[in-house]
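Colleague: As input, take data-v2.tsv (TSV, C-alpha atoms):
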chain	number	residue	atom	x	y	z
W	1	MET	CA	21.43	-26.71	-28.39
W	2	THR	CA	20.13	-24.07	-26.05
W	3	ASP	CA	16.38	-24.13	-25.57
W	4	LEU	CA	15.10	-20.65	-26.34
W	5	LEU	CA	11.39	-21.25	-25.75
W	6	GLY	CA	9.96	-18.37	-23.72
W	7	ASN	CA	8.00	-20.42	-21.21
W	8	GLU	CA	10.42	-19.97	-18.33
W	9	HIS	CA	10.57	-16.20	-18.42
W	10	TRP	CA	10.09	-14.30	-15.16
W	11	LEU	CA	10.05	-10.79	-13.72
W	12	GLY	CA	10.90	-10.11	-10.08
W	13	ALA	CA	11.10	-7.00	-7.93
W	14	LYS	CA	12.33	-5.88	-4.54
W	15	LEU	CA	11.92	-2.63	-2.65
W	16	GLN	CA	15.20	-0.78	-2.87
W	17	ALA	CA	16.78	0.59	0.29
W	18	VAL	CA	19.33	2.98	-1.19
W	19	ALA	CA	18.91	5.21	-4.25
W	20	GLY	CA	21.31	4.23	-7.00
W	21	THR	CA	22.19	0.90	-5.37
W	22	PRO	CA	20.36	-2.09	-6.86
W	23	GLU	CA	19.37	-4.89	-4.53
W	24	THR	CA	21.44	-8.03	-5.07
W	25	ALA	CA	18.40	-10.29	-5.42
W	26	VAL	CA	14.65	-9.84	-5.86
W	27	THR	CA	11.98	-11.50	-3.74
W	28	VAL	CA	8.57	-10.66	-5.23
W	29	PHE	CA	8.02	-12.67	-8.39
W	30	LEU	CA	5.03	-11.73	-10.48
W	31	PRO	CA	3.05	-14.61	-12.02
W	32	THR	CA	3.51	-13.23	-15.50
W	33	THR	CA	2.03	-14.18	-18.83
W	34	LYS	CA	4.38	-11.85	-20.69
W	35	ILE	CA	7.24	-9.52	-19.78
W	36	LYS	CA	9.29	-6.78	-21.37
W	37	MET	CA	12.47	-5.16	-20.14
W	38	ASP	CA	14.44	-2.85	-22.34
W	39	GLY	CA	17.17	-0.26	-21.92
W	40	ASN	CA	15.88	1.72	-24.95
W	41	ARG	CA	19.25	3.29	-25.57
W	42	ASP	CA	19.36	6.39	-27.76
W	43	ARG	CA	21.64	6.78	-30.69
W	44	ILE	CA	23.19	10.24	-30.98
W	45	GLU	CA	23.13	11.12	-34.63
W	46	ARG	CA	26.15	12.74	-36.17
W	47	LYS	CA	25.47	16.18	-37.58
W	48	ALA	CA	28.49	16.51	-39.86
W	49	LYS	CA	29.44	14.14	-42.66
W	50	LEU	CA	33.17	14.99	-42.47
W	51	ALA	CA	33.70	14.99	-46.21
W	52	THR	CA	32.29	11.51	-46.68
W	53	ARG	CA	29.02	12.59	-48.38
W	54	TYR	CA	27.15	9.95	-46.37
W	55	GLN	CA	25.73	9.81	-42.84
W	56	LEU	CA	28.20	8.50	-40.27
W	57	PRO	CA	27.20	5.96	-37.62
W	58	GLY	CA	25.69	7.48	-34.49
W	59	LEU	CA	27.22	7.47	-31.04
W	60	PRO	CA	25.75	5.59	-28.07
W	61	GLY	CA	23.49	7.90	-26.06
W	62	ASN	CA	21.16	7.96	-23.08
W	63	TRP	CA	19.23	5.02	-21.72
W	64	HIS	CA	15.45	5.13	-21.24
W	65	PRO	CA	14.91	1.96	-19.19
W	66	THR	CA	11.39	0.58	-19.12
W	67	ALA	CA	9.82	-2.72	-18.13
W	68	SER	CA	6.30	-4.06	-18.24
W	69	CYS	CA	4.37	-7.24	-17.65
W	70	ASP	CA	0.93	-8.79	-17.63
W	71	CYS	CA	0.34	-11.09	-14.69
W	72	GLU	CA	-2.22	-12.87	-12.56
W	73	LEU	CA	-3.46	-11.15	-9.42
W	74	HIS	CA	-2.83	-13.30	-6.35
W	75	ALA	CA	-4.42	-12.59	-2.99
W	76	SER	CA	-1.00	-12.89	-1.31
W	77	GLN	CA	0.59	-10.48	-3.74
W	78	ALA	CA	-0.88	-7.03	-3.22
W	79	HIS	CA	2.55	-5.48	-3.59
W	80	PRO	CA	1.96	-3.85	-7.01
W	81	PHE	CA	-0.90	-1.76	-5.58
W	82	TYR	CA	1.48	-0.44	-2.91
W	83	TRP	CA	4.24	0.13	-5.47
W	84	ALA	CA	1.92	2.26	-7.58
W	85	LEU	CA	0.11	4.22	-4.85
W	86	GLY	CA	2.88	4.53	-2.27
W	87	ALA	CA	1.28	4.20	1.17
W	88	VAL	CA	0.19	1.14	3.15
W	89	VAL	CA	-0.95	0.46	6.70
W	90	THR	CA	-1.14	-3.15	7.84
W	91	THR	CA	-3.35	-4.32	10.68
W	92	ALA	CA	-4.18	-7.77	12.07
W	93	PRO	CA	-7.93	-8.30	12.32
W	94	GLY	CA	-7.43	-11.97	13.19
W	95	THR	CA	-4.68	-14.30	14.33
W	96	THR	CA	-3.38	-15.05	10.86
W	97	ALA	CA	-5.34	-12.62	8.72
W	98	LYS	CA	-3.64	-9.36	7.82
W	99	LEU	CA	-5.44	-6.35	6.34
W	100	HIS	CA	-3.41	-4.01	4.13
W	101	THR	CA	-4.94	-0.58	3.54
W	102	ILE	CA	-3.28	1.02	0.53
W	103	THR	CA	-3.69	4.70	-0.32
W	104	GLU	CA	-1.98	7.36	-2.39
W	105	ALA	CA	1.25	8.99	-1.25
W	106	ASP	CA	3.40	11.74	-2.72
W	107	ALA	CA	6.03	9.41	-4.16
W	108	PRO	CA	5.92	5.73	-5.02
W	109	PRO	CA	8.56	3.38	-3.54
W	110	ARG	CA	11.72	2.61	-5.49
W	111	LEU	CA	12.32	-0.89	-6.82
W	112	THR	CA	15.03	-3.10	-8.23
W	113	LEU	CA	13.75	-5.25	-11.09
W	114	GLU	CA	15.19	-8.40	-12.57
W	115	ALA	CA	13.94	-10.10	-15.71
W	116	ASN	CA	14.74	-13.47	-17.16
W	117	LYS	CA	14.26	-12.91	-20.88
W	118	VAL	CA	15.32	-16.51	-21.63
W	119	PHE	CA	18.19	-15.46	-23.89
W	120	GLN	CA	19.59	-13.13	-21.21
W	121	LYS	CA	18.83	-11.69	-17.79
W	122	ASP	CA	18.57	-7.93	-17.23
W	123	ARG	CA	18.47	-5.75	-14.14
W	124	GLN	CA	17.02	-2.27	-13.61
W	125	ALA	CA	17.48	-0.11	-10.54
W	126	ASP	CA	15.54	2.82	-9.11
W	127	ALA	CA	12.42	1.71	-10.92
W	128	TYR	CA	8.95	3.13	-10.26
W	129	LEU	CA	5.67	1.49	-11.12
W	130	GLY	CA	4.15	4.15	-13.36
W	131	LYS	CA	0.98	2.42	-14.55
W	132	LEU	CA	-1.23	-0.32	-13.17
W	133	GLU	CA	-4.40	-1.81	-14.60
W	134	LEU	CA	-6.59	-4.32	-12.79
W	135	GLY	CA	-8.78	-6.39	-15.09
W	136	PHE	CA	-11.68	-8.58	-14.00
W	137	LYS	CA	-14.11	-10.76	-15.88
W	138	PRO	CA	-16.42	-13.41	-14.41
W	139	GLY	CA	-14.99	-16.91	-14.68
W	140	GLU	CA	-11.43	-15.75	-15.26
W	141	ILE	CA	-8.45	-15.02	-13.04
W	142	ALA	CA	-8.14	-11.32	-12.25
W	143	THR	CA	-5.19	-9.75	-14.03
W	144	LEU	CA	-2.75	-6.91	-13.56
W	145	GLY	CA	-0.98	-4.97	-16.27
W	146	LEU	CA	2.10	-3.17	-14.94
W	147	GLU	CA	4.43	-0.62	-16.54
W	148	PHE	CA	7.68	0.41	-14.87
W	149	MET	CA	10.13	3.23	-15.55
W	150	ALA	CA	13.69	3.00	-14.23
W	151	VAL	CA	16.84	5.07	-13.99
W	152	SER	CA	19.44	2.42	-14.77
W	153	HIS	CA	19.60	-0.69	-16.92
W	154	ASP	CA	22.13	-3.52	-17.08
W	155	ASP	CA	22.04	-5.99	-19.92
W	156	ASP	CA	22.97	-9.65	-19.63
W	157	VAL	CA	23.73	-9.78	-15.89
W	158	THR	CA	24.22	-12.77	-13.61
W	159	VAL	CA	21.34	-13.10	-11.17
W	160	THR	CA	21.06	-15.32	-8.11
W	161	SER	CA	17.33	-14.96	-7.47
W	162	THR	CA	15.19	-18.10	-7.31
W	163	PRO	CA	11.70	-17.67	-8.79
W	164	THR	CA	9.25	-18.08	-5.90
W	165	TYR	CA	5.54	-17.69	-6.44
W	166	THR	CA	2.48	-17.43	-4.27
W	167	ALA	CA	-0.28	-19.86	-5.17
W	168	ASP	CA	-3.59	-18.13	-4.51
W	169	PRO	CA	-4.86	-16.51	-7.71
W	170	LEU	CA	-8.15	-14.64	-7.36
W	171	VAL	CA	-10.71	-16.16	-9.66
W	172	CYS	CA	-13.33	-13.65	-10.57
W	173	SER	CA	-16.23	-15.99	-9.90
W	174	LYS	CA	-16.79	-14.40	-6.54
W	175	ALA	CA	-16.69	-10.70	-7.24
W	176	SER	CA	-19.07	-7.81	-6.99
W	177	VAL	CA	-19.34	-4.32	-8.36
W	178	SER	CA	-21.19	-1.80	-6.26
W	179	ILE	CA	-22.26	1.45	-7.86
W	180	GLY	CA	-23.53	4.13	-5.50
W	181	GLY	CA	-23.86	1.56	-2.73
W	182	VAL	CA	-26.03	-0.84	-4.76
W	183	LYS	CA	-24.53	-4.08	-6.06
W	184	ASP	CA	-24.90	-4.46	-9.77
W	185	TYR	CA	-24.80	-7.94	-11.22
W	186	THR	CA	-25.22	-6.85	-14.82
W	187	VAL	CA	-21.52	-6.01	-15.10
W	188	GLU	CA	-19.80	-8.55	-17.32
W	189	GLY	CA	-16.31	-7.27	-16.71
W	190	GLY	CA	-14.20	-4.21	-16.50
W	191	SER	CA	-10.95	-2.64	-15.46
W	192	ILE	CA	-9.51	-0.04	-13.10
W	193	ALA	CA	-6.41	1.82	-14.23
W	194	TYR	CA	-3.95	3.97	-12.28
W	195	ASN	CA	-1.65	6.17	-14.34
W	196	GLY	CA	1.06	7.82	-12.23
W	197	ASN	CA	1.87	10.25	-15.05
W	198	LEU	CA	5.60	9.70	-14.61
W	199	GLU	CA	8.08	10.96	-17.14
W	200	GLU	CA	11.81	10.72	-17.53
W	201	LYS	CA	13.82	13.90	-18.00
W	202	ARG	CA	17.47	14.25	-18.74
W	203	GLY	CA	19.32	16.79	-16.70
W	204	LEU	CA	22.97	17.66	-16.66
W	205	THR	CA	24.97	15.34	-14.46
W	206	ASP	CA	28.65	14.87	-13.83
W	207	LEU	CA	28.18	11.52	-12.14
W	208	THR	CA	27.33	8.93	-14.75
W	209	GLN	CA	27.16	9.43	-18.48
W	210	PHE	CA	24.04	8.72	-20.47
W	211	LEU	CA	21.81	7.45	-17.68
W	212	ALA	CA	18.22	8.57	-17.50
W	213	SER	CA	18.84	11.03	-14.73
W	214	THR	CA	15.45	11.96	-13.34
W	215	LEU	CA	11.98	10.47	-13.09
W	216	ARG	CA	9.28	12.91	-12.09
W	217	ARG	CA	5.53	13.14	-11.92
W	218	LYS	CA	4.61	15.50	-14.75
W	219	ASP	CA	0.98	15.82	-13.66
W	220	ASN	CA	-1.41	14.44	-11.07
W	221	ALA	CA	-1.94	10.72	-11.26
W	222	GLU	CA	-5.12	9.71	-13.07
W	223	ILE	CA	-7.51	6.98	-12.02
W	224	THR	CA	-10.03	5.66	-14.50
W	225	ALA	CA	-12.31	2.66	-14.71
W	226	LYS	CA	-14.26	0.90	-17.39
W	227	LEU	CA	-17.33	-1.27	-16.90
W	228	ASP	CA	-19.04	-3.43	-19.49
W	229	PHE	CA	-22.72	-3.99	-18.83
W	230	LEU	CA	-24.92	-6.85	-19.94
W	231	ASP	CA	-27.85	-4.50	-20.27
W	232	PHE	CA	-27.94	-0.81	-21.00
W	233	PRO	CA	-27.52	0.92	-17.60
W	234	LYS	CA	-30.35	3.40	-17.91
W	235	ALA	CA	-30.25	4.44	-14.26
W	236	TYR	CA	-26.55	5.31	-14.44
W	237	LEU	CA	-27.10	7.35	-17.57
W	238	ALA	CA	-29.41	9.55	-15.49
W	239	ASP	CA	-26.62	9.96	-12.93
W	240	MET	CA	-24.20	10.90	-15.67
W	241	GLN	CA	-26.50	13.48	-17.11
W	242	ALA	CA	-27.13	14.95	-13.67
W	243	ALA	CA	-23.36	15.08	-13.11
W	244	GLU	CA	-23.76	13.35	-9.77
W	245	ASN	CA	-20.93	11.32	-8.37
W	246	PHE	CA	-21.09	7.82	-6.98
W	247	ALA	CA	-18.83	5.32	-5.26
W	248	LEU	CA	-17.54	2.37	-7.24
W	249	VAL	CA	-16.47	-0.71	-5.28
W	250	VAL	CA	-14.96	-3.78	-6.90
W	251	GLU	CA	-14.37	-6.75	-4.63
W	252	LEU	CA	-12.60	-9.99	-5.51
W	253	THR	CA	-12.98	-12.66	-2.86
W	254	GLY	CA	-10.61	-15.56	-2.25
W	255	ALA	CA	-10.30	-18.47	0.17
W	256	LEU	CA	-11.17	-18.52	3.86
W	257	ILE	CA	-8.27	-17.59	6.12
W	258	GLU	CA	-9.78	-18.10	9.56
W	259	SER	CA	-13.06	-17.59	11.38
W	260	THR	CA	-14.97	-15.12	9.16
W	261	TYR	CA	-11.89	-13.63	7.51
W	262	TYR	CA	-11.49	-14.29	3.80
W	263	LYS	CA	-8.75	-13.33	1.41
W	264	PHE	CA	-9.95	-10.43	-0.73
W	265	VAL	CA	-8.94	-7.45	-2.82
W	266	ARG	CA	-11.35	-4.53	-2.63
W	267	VAL	CA	-10.91	-1.36	-4.68
W	268	THR	CA	-13.02	1.64	-3.69
W	269	LEU	CA	-13.28	4.78	-5.81
W	270	PRO	CA	-15.41	7.01	-3.55
W	271	ALA	CA	-16.22	9.82	-5.99
W	272	CYS	CA	-16.64	8.68	-9.59
W	273	GLN	CA	-18.27	10.25	-12.58
W	274	PHE	CA	-19.13	8.78	-15.92
W	275	THR	CA	-17.12	10.35	-18.68
W	276	GLY	CA	-18.71	8.70	-21.65
W	277	GLY	CA	-18.83	5.49	-23.57
W	278	LEU	CA	-22.54	4.84	-23.16
W	279	ASP	CA	-23.56	6.19	-26.54
W	280	GLU	CA	-24.59	3.19	-28.53
W	281	GLU	CA	-25.68	3.01	-32.08
W	282	ILE	CA	-29.20	1.65	-32.07
W	283	SER	CA	-29.89	-1.12	-34.50
W	284	GLU	CA	-31.63	-4.47	-34.41
W	285	GLY	CA	-29.14	-5.98	-31.98
W	286	LEU	CA	-29.03	-6.09	-28.20
W	287	ILE	CA	-28.50	-2.68	-26.62
W	288	THR	CA	-25.74	-2.76	-23.99
W	289	GLY	CA	-23.38	-0.22	-22.57
W	290	SER	CA	-19.71	0.22	-21.82
W	291	ALA	CA	-19.08	3.01	-19.35
W	292	GLU	CA	-15.91	5.00	-18.92
W	293	ILE	CA	-15.47	6.34	-15.43
W	294	THR	CA	-13.04	8.79	-13.84
W	295	ALA	CA	-12.28	8.86	-10.12
W	296	TYR	CA	-12.09	12.24	-8.42
W	297	TYR	CA	-11.11	13.39	-4.97
W	298	ASP	CA	-13.73	12.70	-2.35
W	299	THR	CA	-13.89	15.45	0.26
W	300	VAL	CA	-15.74	13.19	2.70
W	301	THR	CA	-13.13	10.44	2.89
W	302	GLY	CA	-10.22	12.67	1.86
W	303	ARG	CA	-9.02	10.35	-0.89
W	304	ARG	CA	-9.51	9.27	-4.48
W	305	ILE	CA	-8.80	5.59	-4.16
W	306	LEU	CA	-8.70	3.01	-1.39
W	307	ILE	CA	-7.41	-0.51	-1.90
W	308	GLU	CA	-7.92	-3.01	0.89
W	309	VAL	CA	-6.28	-6.41	0.66
W	310	GLN	CA	-6.73	-9.18	3.19
W	311	ASN	CA	-4.29	-12.07	3.16
W	312	THR	CA	-1.72	-13.75	5.43
W	313	ILE	CA	1.31	-11.68	4.40
W	314	ALA	CA	2.86	-9.85	7.36
W	315	SER	CA	4.12	-6.81	5.46
W	316	LEU	CA	4.14	-5.37	1.95
W	317	THR	CA	7.14	-3.18	2.71
W	318	ALA	CA	9.63	-5.86	3.77
R	319	MET	CA	26.80	-42.24	-23.68
R	320	SER	CA	24.05	-41.02	-21.38
R	321	LYS	CA	24.75	-39.54	-17.98
R	322	PRO	CA	23.65	-41.51	-14.93
R	323	ARG	CA	20.36	-40.23	-13.49
R	324	THR	CA	20.66	-38.55	-10.14
R	325	LYS	CA	17.84	-37.98	-7.72
R	326	THR	CA	16.82	-34.30	-7.54
R	327	GLU	CA	16.32	-32.90	-4.07
R	328	ALA	CA	14.11	-30.05	-2.89
R	329	PRO	CA	16.01	-26.76	-2.99
R	330	ALA	CA	17.30	-25.39	0.31
R	331	LEU	CA	15.15	-22.41	1.22
R	332	GLU	CA	16.58	-18.98	1.82
R	333	THR	CA	15.49	-17.06	4.91
R	334	TRP	CA	13.01	-14.87	3.06
R	335	GLN	CA	11.51	-17.93	1.38
R	336	GLN	CA	11.08	-19.67	4.74
R	337	GLU	CA	9.34	-16.58	6.16
R	338	LEU	CA	7.06	-16.27	3.12
R	339	LEU	CA	6.26	-19.98	3.25
R	340	ALA	CA	5.30	-19.72	6.92
R	341	GLN	CA	2.93	-16.86	6.05
R	342	THR	CA	1.31	-18.28	2.93
R	343	GLY	CA	1.35	-22.02	3.70
R	344	GLU	CA	2.47	-22.97	0.21
R	345	LEU	CA	4.72	-21.59	-2.49
R	346	ILE	CA	5.85	-22.61	-5.92
R	347	ILE	CA	9.63	-22.42	-5.84
R	348	ALA	CA	11.54	-23.01	-9.05
R	349	GLY	CA	8.54	-24.82	-10.45
R	350	ARG	CA	7.90	-27.09	-7.44
R	351	LEU	CA	5.04	-26.83	-4.94
R	352	VAL	CA	6.48	-26.48	-1.44
R	353	THR	CA	4.11	-26.76	1.53
R	354	ALA	CA	4.83	-25.50	5.03
R	355	PRO	CA	5.30	-28.44	7.41
R	356	ASP	CA	2.97	-26.98	10.04
R	357	ARG	CA	0.48	-25.55	7.61
R	358	TRP	CA	-2.43	-23.85	9.29
R	359	SER	CA	-5.86	-24.94	8.14
R	360	PRO	CA	-9.20	-23.09	8.49
R	361	ALA	CA	-10.66	-26.30	9.88
R	362	GLY	CA	-8.24	-26.20	12.80
R	363	PRO	CA	-5.13	-28.19	13.55
R	364	ALA	CA	-4.70	-31.48	11.78
R	365	PRO	CA	-6.03	-34.37	13.89
R	366	ALA	CA	-3.40	-36.45	15.62
R	367	GLU	CA	-2.66	-39.81	14.12
R	368	PRO	CA	-4.54	-42.57	15.94
R	369	ALA	CA	-2.33	-44.65	18.18
R	370	GLU	CA	-3.51	-47.86	16.64
R	371	GLU	CA	-5.76	-48.64	13.79
R	372	THR	CA	-9.19	-49.85	14.67
R	373	ALA	CA	-10.61	-52.71	12.73
R	374	PRO	CA	-13.42	-51.67	10.39
R	375	THR	CA	-16.77	-52.64	11.72
R	376	GLU	CA	-19.01	-54.58	9.44
R	377	ARG	CA	-22.31	-53.05	8.53
R	378	GLY	CA	-25.21	-55.30	9.25
R	379	GLU	CA	-28.10	-55.69	6.88
R	380	SER	CA	-31.10	-53.80	8.10
For this file, write the structure as structure tokens.

Modeller:
Amino acid sequence: MTDLLGNEHWLGAKLQAVAGTPETAVTVFLPTTKIKMDGNRDRIERKAKLATRYQLPGLPGNWHPTASCDCELHASQAHPFYWALGAVVTTAPGTTAKLHTITEADAPPRLTLEANKVFQKDRQADAYLGKLELGFKPGEIATLGLEFMAVSHDDDVTVTSTPTYTADPLVCSKASVSIGGVKDYTVEGGSIAYNGNLEEKRGLTDLTQFLASTLRRKDNAEITAKLDFLDFPKAYLADMQAAENFALVVELTGALIESTYYKFVRVTLPACQFTGGLDEEISEGLITGSAEITAYYDTVTGRRILIEVQNTIASLTA
Amino acid sequence: MSKPRTKTEAPALETWQQELLAQTGELIIAGRLVTAPDRWSPAGPAPAEPAEETAPTERGES
């Protein structure tokens, strides 16, 4: 009897060299806790009943391929940040240590995805990472939530990829949140989300029937954050009411690489504003706050978001 | 009738896996921890094996 327990599922990706041509194997395997890959094929409903009185079965229609996963964040696996934002510059501050500086670009890179869904393996080509959410909570491994949109989907394919994982998860015991340049240790957790605002549109094509033909950015990407405080952040409420902006820096620190160089992931949102969430109903209980934050364009640094990752990986674009 | 047990061997690494292993020091490949043979350590290179073992010295009572 075939074992259909879901424990051995996996999701892998590889940067795709040629549009419309899937890579034959994937090389970046995400340490997932759950995955989803679906072709989401439409059914084209019949309009006429052809003298039967009853609705006739629909015809197969367009695909709307999507994939998603929740995974651990590993220091050696900064690739999803690059996939979402689109630009990376890698430097070598030490002999072994590599510093990847990831910023926003006009278009994200194109990926081939493969998923082992236990009962079958699927492949999607020309996929973009549309949404990314980094979650952090003291005492737990930092997490990533990823949502992909693709142009093609193949069900039940034969794959030759061997699941290969990095082994340096970032435990959020050594992390700091800096608000306006001052570290705040009353944050009990939070998240930073990047929404690329991608959408799929069908256009006329004479090449391939029923494929999702175009992915486009329907609006500017949005960057938001959420912080949960242990105590009510009275000082930040004053900032919010004054409509001032502040820099938010979240840093997750990993193991020593060499000399004074540590593995880390640092997310900087240089111009943030609170957008709400601090209104609390006052009762007899402890008064805390949960702040919703939006990142805006910073005219000083010329960016909205900066992600710096230090590890021993030579390149995120290979 | 049960099949005879065969010894499983470490999988042969593909080129990209060898490169990644050299960069990260260790990987989990198909569920097995694989460590780079010349793994770099923050404490410096691993000390060379002593040529011959020295006999443990006895501690005297003070």

Colleague: Pull out every residue of chain R sitting within 7 Å of chain W, counting only C-alpha atoms, and send them as a short mmCIF file (atom, residue, chain, number, x, y, z; two decimals) with C-alpha atoms, keeping the file's coordinate frame.

Modeller:
data_model
loop_
_atom_site.label_atom_id
_atom_site.label_comp_id
_atom_site.auth_asym_id
_atom_site.auth_seq_id
_atom_site.Cartn_x
_atom_site.Cartn_y
_atom_site.Cartn_z
CA GLN R 341 2.93 -16.86 6.05
CA THR R 342 1.31 -18.28 2.93
CA GLU R 344 2.47 -22.97 0.21
CA LEU R 345 4.72 -21.59 -2.49
CA ILE R 346 5.85 -22.61 -5.92
CA ILE R 347 9.63 -22.42 -5.84
CA ALA R 348 11.54 -23.01 -9.05
CA PRO R 360 -9.20 -23.09 8.49
#

Colleague: Padding of 8 Å on every side, edges along x, y and z, all listed atoms of stretch 338-352 of chain R included: what centre and edge lengths in Å, to one decimal, does that box have, as AutoDock Vina command-line options?

Modeller:
--center_x 6.4 --center_y -21.7 --center_z -1.8 --size_x 26.2 --size_y 26.8 --size_z 33.4

Colleague: Can you work out the spacing between atom CA of W:Gly189 and atom CA of W:Glu251 in Å, to one decimal?

Modeller: 12.2 Å

Colleague: What is the distance between atom CA of W:Thr288 and atom CA of W:Lys226, in Å to one decimal?

Modeller: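 We find that atom CA of W:Thr288 and atom CA of W:Lys226 lie 13.7 Å from each other.
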
Colleague: Which protein, DNA or RNA residues have an atom at most 12 Å from (8.5, 8.4, -1.4), counting all atoms listed in the file? List them as a ChimeraX atom specification.

Modeller: /W:15-17,19,82-88,104-111,126,128,216-217

Colleague: Print the selection's residues with C-alpha atoms to a file, as an mmCIF file, in the coordinates of the input.

Modeller:
data_model
loop_
_atom_site.group_PDB
_atom_site.id
_atom_site.type_symbol
_atom_site.label_atom_id
_atom_site.label_comp_id
_atom_site.auth_asym_id
_atom_site.auth_seq_id
_atom_site.Cartn_x
_atom_site.Cartn_y
_atom_site.Cartn_z
ATOM 1 C CA LEU W 15 11.920 -2.630 -2.650
ATOM 2 C CA GLN W 16 15.200 -0.780 -2.870
ATOM 3 C CA ALA W 17 16.780 0.590 0.290
ATOM 4 C CA ALA W 19 18.910 5.210 -4.250
ATOM 5 C CA TYR W 82 1.480 -0.440 -2.910
ATOM 6 C CA TRP W 83 4.240 0.130 -5.470
ATOM 7 C CA ALA W 84 1.920 2.260 -7.580
ATOM 8 C CA LEU W 85 0.110 4.220 -4.850
ATOM 9 C CA GLY W 86 2.880 4.530 -2.270
ATOM 10 C CA ALA W 87 1.280 4.200 1.170
ATOM 11 C CA VAL W 88 0.190 1.140 3.150
ATOM 12 C CA GLU W 104 -1.980 7.360 -2.390
ATOM 13 C CA ALA W 105 1.250 8.990 -1.250
ATOM 14 C CA ASP W 106 3.400 11.740 -2.720
ATOM 15 C CA ALA W 107 6.030 9.410 -4.160
ATOM 16 C CA PRO W 108 5.920 5.730 -5.020
ATOM 17 C CA PRO W 109 8.560 3.380 -3.540
ATOM 18 C CA ARG W 110 11.720 2.610 -5.490
ATOM 19 C CA LEU W 111 12.320 -0.890 -6.820
ATOM 20 C CA ASP W 126 15.540 2.820 -9.110
ATOM 21 C CA TYR W 128 8.950 3.130 -10.260
ATOM 22 C CA ARG W 216 9.280 12.910 -12.090
ATOM 23 C CA ARG W 217 5.530 13.140 -11.920
#

Colleague: Which residues, written as a list in words, have at least one atom at most 10 Å from W:Thr32, with all atoms listed in the file counted and residues fewer than 3 positions away on the same chain left out?

Modeller: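 After dropping sequence-adjacent residues, the list is His9, Trp10, Leu11, Gly12, Phe29, Ile35, Ser68, Cys69, Asp70, Cys71, Glu72, Leu73, Thr143, Leu144 and Gly145 of chain W.
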
Colleague: As an exercise, work out the distance from atom CA of W:Lys234 to atom CA of W:Lys137 in Å and give it to one decimal place.

Modeller: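 Atom-to-atom, atom CA of W:Lys234 to atom CA of W:Lys137, that is 21.6 Å.
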
Colleague: Near W:Val157, counting all atoms listed in the file, which residues have an atom at most 12 Å away, once you skip same-chain residues fewer than 6 positions from it, shown as a count of residues only?

Modeller: 13
